[in-house]
$ cat input12.txt   # compact mmCIF, N, CA and C atoms
# COMPACT_ATOMS: atom_id res chain seq x y z
N MET E 1 112.49 90.26 103.40
CA MET E 1 112.33 91.21 104.48
C MET E 1 110.85 91.28 104.83
N ASN E 2 110.54 91.12 106.09
CA ASN E 2 109.16 91.17 106.53
C ASN E 2 109.12 91.83 107.89
N ILE E 3 108.72 93.09 107.92
CA ILE E 3 108.59 93.83 109.17
C ILE E 3 107.20 94.45 109.16
N PRO E 4 106.18 93.61 109.45
CA PRO E 4 104.82 94.13 109.37
C PRO E 4 104.54 95.14 110.47
N GLY E 5 103.68 96.07 110.15
CA GLY E 5 103.18 97.02 111.13
C GLY E 5 101.82 96.53 111.58
N LEU E 6 100.80 97.21 111.15
CA LEU E 6 99.43 96.82 111.48
C LEU E 6 99.01 95.59 110.68
N THR E 7 98.56 94.57 111.37
CA THR E 7 98.02 93.37 110.74
C THR E 7 96.60 93.17 111.26
N VAL E 8 95.65 92.99 110.34
CA VAL E 8 94.25 92.84 110.73
C VAL E 8 93.69 91.54 110.17
N ALA E 9 92.66 91.04 110.82
CA ALA E 9 91.96 89.84 110.33
C ALA E 9 90.83 90.26 109.41
N LYS E 10 90.70 89.57 108.30
CA LYS E 10 89.60 89.77 107.35
C LYS E 10 89.03 88.41 106.99
N THR E 11 87.83 88.39 106.48
CA THR E 11 87.22 87.16 105.99
C THR E 11 87.38 87.15 104.47
N ALA E 12 87.85 86.02 103.95
CA ALA E 12 88.13 85.90 102.52
C ALA E 12 86.85 85.84 101.70
N GLU E 13 86.81 86.67 100.67
CA GLU E 13 85.75 86.59 99.66
C GLU E 13 86.38 85.89 98.47
N GLY E 14 86.13 84.60 98.34
CA GLY E 14 86.86 83.78 97.38
C GLY E 14 88.17 83.36 98.03
N GLU E 15 88.91 82.51 97.38
CA GLU E 15 90.19 82.07 97.93
C GLU E 15 91.21 83.21 97.86
N VAL E 16 91.97 83.38 98.93
CA VAL E 16 93.07 84.35 98.96
C VAL E 16 94.34 83.55 99.28
N LYS E 17 95.25 83.50 98.33
CA LYS E 17 96.49 82.76 98.51
C LYS E 17 97.49 83.61 99.30
N PRO E 18 98.51 82.96 99.87
CA PRO E 18 99.52 83.70 100.64
C PRO E 18 100.33 84.68 99.79
N ARG E 19 100.73 85.78 100.46
CA ARG E 19 101.66 86.77 99.90
C ARG E 19 101.16 87.43 98.62
N LEU E 20 99.85 87.78 98.61
CA LEU E 20 99.26 88.49 97.47
C LEU E 20 98.64 89.80 97.94
N ILE E 21 98.46 90.71 97.00
CA ILE E 21 97.84 92.01 97.27
C ILE E 21 96.32 91.82 97.33
N VAL E 22 95.71 92.47 98.32
CA VAL E 22 94.26 92.33 98.49
C VAL E 22 93.58 93.70 98.48
N CYS E 23 92.27 93.65 98.23
CA CYS E 23 91.43 94.85 98.25
C CYS E 23 90.18 94.53 99.07
N HIS E 24 89.35 95.54 99.31
CA HIS E 24 88.10 95.32 100.04
C HIS E 24 87.21 94.36 99.27
N GLY E 25 86.42 93.59 100.03
CA GLY E 25 85.41 92.73 99.43
C GLY E 25 84.11 93.50 99.24
N SER E 26 83.05 92.77 98.98
CA SER E 26 81.76 93.40 98.68
C SER E 26 81.00 93.85 99.92
N GLU E 27 81.44 93.43 101.12
CA GLU E 27 80.79 93.82 102.37
C GLU E 27 81.86 94.14 103.41
N ASP E 28 81.45 94.84 104.47
CA ASP E 28 82.37 95.14 105.57
C ASP E 28 82.99 93.86 106.10
N GLY E 29 84.28 93.90 106.38
CA GLY E 29 84.97 92.76 106.97
C GLY E 29 85.51 91.76 105.97
N LEU E 30 85.14 91.92 104.70
CA LEU E 30 85.61 90.99 103.66
C LEU E 30 86.79 91.60 102.90
N ALA E 31 87.68 90.72 102.44
CA ALA E 31 88.77 91.13 101.56
C ALA E 31 88.95 90.04 100.51
N LYS E 32 89.44 90.45 99.35
CA LYS E 32 89.63 89.50 98.25
C LYS E 32 90.93 89.82 97.52
N THR E 33 91.37 88.87 96.74
CA THR E 33 92.58 89.06 95.95
C THR E 33 92.34 90.19 94.96
N ALA E 34 93.25 91.14 94.93
CA ALA E 34 93.17 92.25 93.97
C ALA E 34 93.45 91.71 92.56
N ILE E 35 92.77 92.26 91.57
CA ILE E 35 92.96 91.79 90.19
C ILE E 35 93.52 92.86 89.26
N ASP E 36 93.70 94.07 89.78
CA ASP E 36 94.29 95.15 88.98
C ASP E 36 94.45 96.38 89.87
N GLY E 37 94.77 97.50 89.27
CA GLY E 37 94.94 98.74 90.01
C GLY E 37 93.74 99.67 89.95
N ASN E 38 92.57 99.12 89.63
CA ASN E 38 91.37 99.96 89.50
C ASN E 38 90.59 100.14 90.79
N ALA E 39 90.96 99.42 91.85
CA ALA E 39 90.28 99.53 93.15
C ALA E 39 91.33 99.80 94.23
N LEU E 40 90.90 100.41 95.32
CA LEU E 40 91.80 100.69 96.43
C LEU E 40 92.42 99.40 96.92
N LEU E 41 93.75 99.37 96.98
CA LEU E 41 94.49 98.21 97.48
C LEU E 41 94.75 98.43 98.96
N ILE E 42 94.43 97.43 99.79
CA ILE E 42 94.46 97.67 101.24
C ILE E 42 95.58 96.96 101.97
N GLY E 43 96.23 95.98 101.36
CA GLY E 43 97.29 95.28 102.07
C GLY E 43 97.75 94.04 101.34
N VAL E 44 98.48 93.19 102.09
CA VAL E 44 99.07 91.97 101.55
C VAL E 44 98.74 90.81 102.49
N SER E 45 98.30 89.69 101.92
CA SER E 45 98.05 88.51 102.75
C SER E 45 99.37 87.99 103.31
N THR E 46 99.31 87.37 104.47
CA THR E 46 100.51 86.86 105.12
C THR E 46 100.89 85.50 104.54
N ILE E 47 101.77 84.80 105.23
CA ILE E 47 102.22 83.49 104.78
C ILE E 47 101.09 82.46 104.75
N VAL E 48 99.99 82.77 105.44
CA VAL E 48 98.82 81.89 105.46
C VAL E 48 97.65 82.62 104.81
N GLY E 49 97.17 82.11 103.70
CA GLY E 49 96.01 82.69 103.05
C GLY E 49 94.73 82.16 103.67
N GLY E 50 93.65 82.21 102.92
CA GLY E 50 92.38 81.70 103.42
C GLY E 50 91.46 81.30 102.30
N GLY E 51 90.70 80.23 102.53
CA GLY E 51 89.68 79.81 101.58
C GLY E 51 88.46 80.70 101.72
N ASP E 52 87.55 80.60 100.77
CA ASP E 52 86.33 81.40 100.79
C ASP E 52 85.63 81.26 102.14
N GLY E 53 85.39 82.40 102.81
CA GLY E 53 84.71 82.41 104.10
C GLY E 53 85.61 82.20 105.29
N GLU E 54 86.88 81.93 105.07
CA GLU E 54 87.83 81.73 106.17
C GLU E 54 88.45 83.06 106.57
N VAL E 55 88.87 83.14 107.81
CA VAL E 55 89.55 84.33 108.31
C VAL E 55 91.04 84.21 107.99
N PHE E 56 91.64 85.31 107.53
CA PHE E 56 93.07 85.35 107.24
C PHE E 56 93.60 86.72 107.64
N ASP E 57 94.91 86.83 107.74
CA ASP E 57 95.53 88.09 108.15
C ASP E 57 95.99 88.91 106.95
N VAL E 58 95.85 90.23 107.09
CA VAL E 58 96.27 91.18 106.06
C VAL E 58 97.23 92.18 106.69
N VAL E 59 98.43 92.29 106.14
CA VAL E 59 99.39 93.29 106.58
C VAL E 59 98.97 94.61 105.95
N ARG E 60 98.65 95.61 106.79
CA ARG E 60 98.12 96.89 106.30
C ARG E 60 99.15 98.01 106.29
N SER E 61 100.29 97.82 106.98
CA SER E 61 101.34 98.85 106.99
C SER E 61 102.68 98.19 107.26
N GLY E 62 103.74 98.94 107.03
CA GLY E 62 105.08 98.40 107.24
C GLY E 62 105.61 97.74 105.98
N LEU E 63 106.51 96.80 106.18
CA LEU E 63 107.08 96.04 105.07
C LEU E 63 106.43 94.67 105.00
N ALA E 64 106.13 94.21 103.80
CA ALA E 64 105.48 92.91 103.64
C ALA E 64 106.06 92.19 102.43
N GLN E 65 106.13 90.89 102.53
CA GLN E 65 106.59 90.08 101.41
C GLN E 65 105.42 89.81 100.47
N VAL E 66 105.69 89.87 99.18
CA VAL E 66 104.68 89.67 98.15
C VAL E 66 105.34 89.05 96.93
N PHE E 67 104.59 88.23 96.20
CA PHE E 67 105.14 87.65 94.98
C PHE E 67 105.12 88.68 93.86
N TYR E 68 106.23 88.74 93.12
CA TYR E 68 106.36 89.64 91.97
C TYR E 68 105.85 88.93 90.72
N SER E 69 105.30 89.69 89.78
CA SER E 69 104.81 89.13 88.52
C SER E 69 105.69 89.51 87.33
N GLU E 70 106.68 90.36 87.58
CA GLU E 70 107.55 90.85 86.52
C GLU E 70 108.83 91.38 87.17
N THR E 71 109.77 91.83 86.37
CA THR E 71 110.98 92.43 86.90
C THR E 71 110.64 93.77 87.54
N ILE E 72 111.05 93.92 88.78
CA ILE E 72 110.75 95.12 89.56
C ILE E 72 112.04 95.66 90.16
N ALA E 73 112.20 96.98 90.13
CA ALA E 73 113.37 97.64 90.69
C ALA E 73 113.02 98.26 92.04
N ILE E 74 114.03 98.47 92.84
CA ILE E 74 113.83 99.15 94.13
C ILE E 74 113.19 100.51 93.87
N GLY E 75 112.14 100.82 94.62
CA GLY E 75 111.47 102.11 94.50
C GLY E 75 110.33 102.17 93.51
N ASP E 76 110.15 101.11 92.71
CA ASP E 76 109.03 101.12 91.76
C ASP E 76 107.70 101.20 92.50
N PRO E 77 106.75 102.03 92.03
CA PRO E 77 105.40 102.01 92.60
C PRO E 77 104.73 100.70 92.19
N ILE E 78 104.03 100.08 93.14
CA ILE E 78 103.51 98.73 92.93
C ILE E 78 101.98 98.69 92.96
N THR E 79 101.40 97.98 91.99
CA THR E 79 99.97 97.68 91.96
C THR E 79 99.82 96.18 91.81
N ALA E 80 98.61 95.71 91.57
CA ALA E 80 98.34 94.27 91.44
C ALA E 80 98.11 93.88 89.99
N ASN E 81 98.55 92.66 89.65
CA ASN E 81 98.19 92.11 88.35
C ASN E 81 96.92 91.28 88.52
N ALA E 82 96.51 90.55 87.51
CA ALA E 82 95.26 89.79 87.54
C ALA E 82 95.24 88.68 88.58
N ASP E 83 96.42 88.30 89.08
CA ASP E 83 96.54 87.23 90.08
C ASP E 83 96.87 87.76 91.47
N GLY E 84 96.86 89.08 91.65
CA GLY E 84 97.19 89.66 92.95
C GLY E 84 98.67 89.79 93.22
N ARG E 85 99.49 89.49 92.22
CA ARG E 85 100.94 89.63 92.37
C ARG E 85 101.36 91.07 92.05
N ALA E 86 102.52 91.44 92.55
CA ALA E 86 103.02 92.80 92.38
C ALA E 86 103.49 93.05 90.95
N LYS E 87 103.12 94.22 90.44
CA LYS E 87 103.63 94.69 89.15
C LYS E 87 103.81 96.20 89.23
N LYS E 88 104.57 96.76 88.31
CA LYS E 88 104.78 98.20 88.28
C LYS E 88 103.48 98.92 87.94
N ALA E 89 103.20 99.97 88.67
CA ALA E 89 101.97 100.74 88.46
C ALA E 89 102.14 101.69 87.27
N MET E 90 101.02 101.97 86.64
CA MET E 90 100.95 102.94 85.55
C MET E 90 100.17 104.14 86.04
N SER E 91 100.18 105.22 85.28
CA SER E 91 99.44 106.41 85.63
C SER E 91 97.97 106.08 85.86
N GLY E 92 97.41 106.57 86.96
CA GLY E 92 96.00 106.35 87.27
C GLY E 92 95.71 105.11 88.10
N ASP E 93 96.71 104.22 88.28
CA ASP E 93 96.51 103.01 89.09
C ASP E 93 96.51 103.34 90.57
N PHE E 94 95.71 102.59 91.33
CA PHE E 94 95.88 102.57 92.78
C PHE E 94 97.15 101.76 93.04
N ILE E 95 97.94 102.21 94.01
CA ILE E 95 99.15 101.47 94.36
C ILE E 95 99.07 101.01 95.81
N ILE E 96 99.75 99.89 96.08
CA ILE E 96 99.83 99.38 97.44
C ILE E 96 101.05 99.97 98.15
N GLY E 97 102.05 100.36 97.37
CA GLY E 97 103.26 100.94 97.96
C GLY E 97 104.42 100.90 96.99
N TYR E 98 105.61 100.74 97.55
CA TYR E 98 106.85 100.82 96.76
C TYR E 98 107.75 99.62 97.04
N ALA E 99 108.43 99.16 95.99
CA ALA E 99 109.32 98.00 96.13
C ALA E 99 110.51 98.34 97.03
N GLU E 100 110.77 97.46 97.97
CA GLU E 100 111.92 97.59 98.87
C GLU E 100 113.12 96.82 98.36
N VAL E 101 112.88 95.82 97.52
CA VAL E 101 113.96 95.01 96.94
C VAL E 101 113.65 94.78 95.47
N ALA E 102 114.70 94.64 94.68
CA ALA E 102 114.55 94.31 93.27
C ALA E 102 114.25 92.82 93.15
N GLY E 103 113.57 92.44 92.08
CA GLY E 103 113.28 91.03 91.87
C GLY E 103 112.67 90.78 90.52
N ASP E 104 112.49 89.51 90.22
CA ASP E 104 111.95 89.08 88.94
C ASP E 104 110.63 88.33 89.14
N ALA E 105 109.99 88.00 88.04
CA ALA E 105 108.72 87.26 88.08
C ALA E 105 108.86 85.99 88.91
N ASP E 106 107.84 85.71 89.70
CA ASP E 106 107.73 84.51 90.54
C ASP E 106 108.66 84.52 91.75
N GLU E 107 109.38 85.60 91.98
CA GLU E 107 110.20 85.72 93.18
C GLU E 107 109.40 86.38 94.29
N LEU E 108 109.78 86.06 95.52
CA LEU E 108 109.18 86.70 96.68
C LEU E 108 109.97 87.97 96.95
N GLY E 109 109.30 89.10 96.81
CA GLY E 109 109.94 90.40 97.04
C GLY E 109 109.38 91.04 98.29
N ALA E 110 109.68 92.30 98.48
CA ALA E 110 109.18 93.03 99.64
C ALA E 110 108.75 94.41 99.20
N ILE E 111 107.65 94.87 99.80
CA ILE E 111 107.15 96.22 99.51
C ILE E 111 106.92 96.97 100.80
N TRP E 112 107.06 98.28 100.71
CA TRP E 112 106.70 99.20 101.79
C TRP E 112 105.27 99.61 101.50
N ILE E 113 104.35 99.26 102.40
CA ILE E 113 102.93 99.51 102.18
C ILE E 113 102.59 100.98 102.44
N VAL E 114 102.19 101.66 101.38
CA VAL E 114 101.77 103.06 101.44
C VAL E 114 100.67 103.22 100.39
N PRO E 115 99.44 102.79 100.69
CA PRO E 115 98.38 102.86 99.68
C PRO E 115 98.12 104.29 99.21
N SER E 116 97.97 104.43 97.90
CA SER E 116 97.66 105.73 97.31
C SER E 116 97.25 105.51 95.87
N LYS E 117 97.19 106.58 95.10
CA LYS E 117 96.87 106.49 93.68
C LYS E 117 97.95 107.17 92.89
N GLN E 118 98.42 106.51 91.85
CA GLN E 118 99.48 107.01 90.98
C GLN E 118 98.95 108.22 90.20
N ALA E 119 99.71 109.27 90.16
CA ALA E 119 99.30 110.48 89.43
C ALA E 119 99.36 110.26 87.94

$ encode --input "input12.txt" --output "structure tokens"
Amino acid sequence: MNIPGLTVAKTAEGEVKPRLIVCHGSEDGLAKTAIDGNALLIGVSTIVGGGDGEVFDVVRSGLAQVFYSETIAIGDPITANADGRAKKAMSGDFIIGYAEVAGDADELGAIWIVPSKQA
């Protein structure tokens, strides 16, 4: 399921692969692959990622497809693992949103993008 809302262009800080969770880069206009839930998660890369310094699209709202890193149930709050893949959030993690479909590791799932921080 892929029903993107707002999609914006960002410049990749390092390589950003397709369908991964991203966060802000070190400067305005940059985004990079998220490596955990310790930083604000801003969206999901589309089917086309970007090499370092290349422009790529980031889905910032709506539903987006993302690769799962573990078994995820519908409604689970989602954060990023070390590879930018979706995993269940723990207390205190920044989250990108909530799982729209159940899935297992290495499957392409879908999330409803609602950035926030897990209580």

$ closest_residue --input "input12.txt" --among "E:Asp83, E:Pro115, E:Gly75, E:Asp52" --to "Val101 of chain E" --atoms "all atoms listed in the file"
E:Gly75

$ closest_residue --input "input12.txt" --among "E:Ala102, E:Val48, E:Leu40, E:Ala64" --to "Gln118 of chain E" --atoms "only C-alpha atoms"
E:Leu40

$ residues_around --input "input12.txt" --residues "Glu15 of chain E" --least-positions-apart "3" --cutoff "7 Å" --atoms "all atoms listed in the file" --output "number ranges by chain"
E: 12, 32-33, 49-53

$ closest_residue --input "input12.txt" --among "E:Leu6, E:Ala31, E:Ile78, E:Val55" --to "Asp93 of chain E" --atoms "all atoms listed in the file"
E:Ile78

$ atom_distance --input "input12.txt" --atom1 "atom C of Ala110 of chain E" --atom2 "atom N of Ser61 of chain E"
12.0 Å

$ residues_around --input "input12.txt" --residues "Leu108 of chain E" --least-positions-apart "4" --cutoff "6.5 Å" --atoms "only N, CA and C atoms" --output "list in words"
Gln65, Val66, Phe67 and Tyr68 of chain E

$ atom_distance --input "input12.txt" --atom1 "atom N of Glu100 of chain E" --atom2 "atom CA of Asp28 of chain E"
29.5 Å

$ select_by_dssp --input "input12.txt" --residues "chain E" --states "strand (DSSP E)" --output "ChimeraX atom specification"
/E:7-12,21-24,30-33,41-45,55-59,62-67,77-80,86-88,94-99,108-117

$ residues_around --input "input12.txt" --residues "Asn81 of chain E" --least-positions-apart "3" --cutoff "9 Å" --atoms "only C-alpha atoms" --output "number ranges by chain"
E: 21, 34-37, 69, 84-88

$ atom_distance --input "input12.txt" --atom1 "atom CA of Glu54 of chain E" --atom2 "atom N of His24 of chain E"
15.5 Å

$ closest_residue --input "input12.txt" --among "E:Thr46, E:Glu27, E:Ala99, E:Val58" --to "Lys10 of chain E" --atoms "all atoms listed in the file"
E:Val58

$ residues_around --input "input12.txt" --residues "Leu41 of chain E" --least-positions-apart "5" --cutoff "6.5 Å" --atoms "all atoms listed in the file" --output "VMD selection string"
chain E and resid 22 to 24 94 to 96 115

$ residues_around --input "input12.txt" --residues "Ala119 of chain E" --least-positions-apart "5" --cutoff "6.5 Å" --atoms "all atoms listed in the file" --output "short mmCIF file (atom, residue, chain, number, x, y, z; two decimals) with N, CA and C atoms, in the coordinates of the input"
data_model
loop_
_atom_site.label_atom_id
_atom_site.label_comp_id
_atom_site.auth_asym_id
_atom_site.auth_seq_id
_atom_site.Cartn_x
_atom_site.Cartn_y
_atom_site.Cartn_z
N MET E 90 101.02 101.97 86.64
CA MET E 90 100.95 102.94 85.55
C MET E 90 100.17 104.14 86.04
N SER E 91 100.18 105.22 85.28
CA SER E 91 99.44 106.41 85.63
C SER E 91 97.97 106.08 85.86
N GLY E 92 97.41 106.57 86.96
CA GLY E 92 96.00 106.35 87.27
C GLY E 92 95.71 105.11 88.10
N ASP E 93 96.71 104.22 88.28
CA ASP E 93 96.51 103.01 89.09
C ASP E 93 96.51 103.34 90.57
#

$ closest_residue --input "input12.txt" --among "E:Ala9, E:Gly62, E:Ser45, E:Thr71" --to "Asp106 of chain E" --atoms "only N, CA and C atoms"
E:Thr71

$ closest_residue --input "input12.txt" --among "E:Asn38, E:Val16, E:Gly5, E:Glu70" --to "Gly109 of chain E" --atoms "only C-alpha atoms"
E:Glu70

$ decode --input "input12.txt" --residues "segment 103-114 of chain E" --atoms "all heavy atoms" --output "short mmCIF file (atom, residue, chain, number, x, y, z; two decimals), in the first residue's frame"
data_model
loop_
_atom_site.label_atom_id
_atom_site.label_comp_id
_atom_site.auth_asym_id
_atom_site.auth_seq_id
_atom_site.Cartn_x
_atom_site.Cartn_y
_atom_site.Cartn_z
N GLY E 103 3.89 -7.76 9.03
CA GLY E 103 4.92 -8.31 8.16
C GLY E 103 6.09 -8.82 8.96
O GLY E 103 6.14 -8.68 10.18
N ASP E 104 7.01 -9.44 8.25
CA ASP E 104 8.20 -10.03 8.85
C ASP E 104 9.46 -9.36 8.33
O ASP E 104 9.41 -8.55 7.40
CB ASP E 104 8.25 -11.53 8.54
CG ASP E 104 7.12 -12.29 9.22
OD1 ASP E 104 6.90 -12.07 10.42
OD2 ASP E 104 6.45 -13.10 8.54
N ALA E 105 10.59 -9.74 8.90
CA ALA E 105 11.89 -9.19 8.49
C ALA E 105 12.08 -9.33 6.99
O ALA E 105 11.71 -10.36 6.41
CB ALA E 105 13.01 -9.89 9.23
N ASP E 106 12.63 -8.30 6.37
CA ASP E 106 12.96 -8.25 4.94
C ASP E 106 11.75 -8.13 4.03
O ASP E 106 11.91 -8.14 2.81
CB ASP E 106 13.83 -9.43 4.52
CG ASP E 106 15.14 -9.47 5.28
OD1 ASP E 106 15.71 -8.38 5.54
OD2 ASP E 106 15.59 -10.57 5.62
N GLU E 107 10.56 -8.00 4.59
CA GLU E 107 9.37 -7.78 3.77
C GLU E 107 9.13 -6.29 3.61
O GLU E 107 9.50 -5.49 4.45
CB GLU E 107 8.13 -8.43 4.41
CG GLU E 107 8.14 -9.92 4.35
CD GLU E 107 6.87 -10.54 4.92
OE1 GLU E 107 6.05 -9.84 5.54
OE2 GLU E 107 6.72 -11.76 4.75
N LEU E 108 8.47 -5.94 2.51
CA LEU E 108 8.08 -4.56 2.28
C LEU E 108 6.72 -4.37 2.93
O LEU E 108 5.74 -5.02 2.56
CB LEU E 108 8.01 -4.28 0.78
CG LEU E 108 7.91 -2.83 0.35
CD1 LEU E 108 9.08 -2.01 0.88
CD2 LEU E 108 7.87 -2.74 -1.17
N GLY E 109 6.68 -3.52 3.94
CA GLY E 109 5.44 -3.24 4.66
C GLY E 109 4.97 -1.83 4.37
O GLY E 109 5.49 -1.16 3.47
N ALA E 110 4.01 -1.37 5.12
CA ALA E 110 3.49 -0.01 4.95
C ALA E 110 3.28 0.62 6.31
O ALA E 110 2.85 -0.05 7.26
CB ALA E 110 2.18 -0.04 4.18
N ILE E 111 3.58 1.91 6.39
CA ILE E 111 3.38 2.65 7.63
C ILE E 111 2.59 3.92 7.35
O ILE E 111 2.65 4.47 6.25
CB ILE E 111 4.71 3.00 8.33
CG1 ILE E 111 5.61 3.85 7.42
CG2 ILE E 111 5.42 1.76 8.80
CD1 ILE E 111 6.82 4.42 8.13
N TRP E 112 1.85 4.34 8.35
CA TRP E 112 1.16 5.63 8.35
C TRP E 112 2.12 6.60 9.02
O TRP E 112 2.49 6.42 10.18
CB TRP E 112 -0.16 5.51 9.10
CG TRP E 112 -0.85 6.81 9.37
CD1 TRP E 112 -0.98 7.88 8.54
CD2 TRP E 112 -1.54 7.16 10.57
NE1 TRP E 112 -1.69 8.88 9.15
CE2 TRP E 112 -2.05 8.46 10.41
CE3 TRP E 112 -1.77 6.50 11.77
CZ2 TRP E 112 -2.78 9.12 11.38
CZ3 TRP E 112 -2.49 7.15 12.74
CH2 TRP E 112 -3.00 8.44 12.55
N ILE E 113 2.58 7.59 8.28
CA ILE E 113 3.59 8.52 8.78
C ILE E 113 2.96 9.54 9.72
O ILE E 113 2.14 10.34 9.30
CB ILE E 113 4.33 9.21 7.62
CG1 ILE E 113 5.07 8.16 6.78
CG2 ILE E 113 5.30 10.26 8.16
CD1 ILE E 113 5.75 8.71 5.55
N VAL E 114 3.37 9.47 10.98
CA VAL E 114 2.92 10.40 12.02
C VAL E 114 4.11 10.57 12.97
O VAL E 114 4.16 9.96 14.04
CB VAL E 114 1.72 9.84 12.80
CG1 VAL E 114 1.16 10.87 13.76
CG2 VAL E 114 0.62 9.33 11.89
#
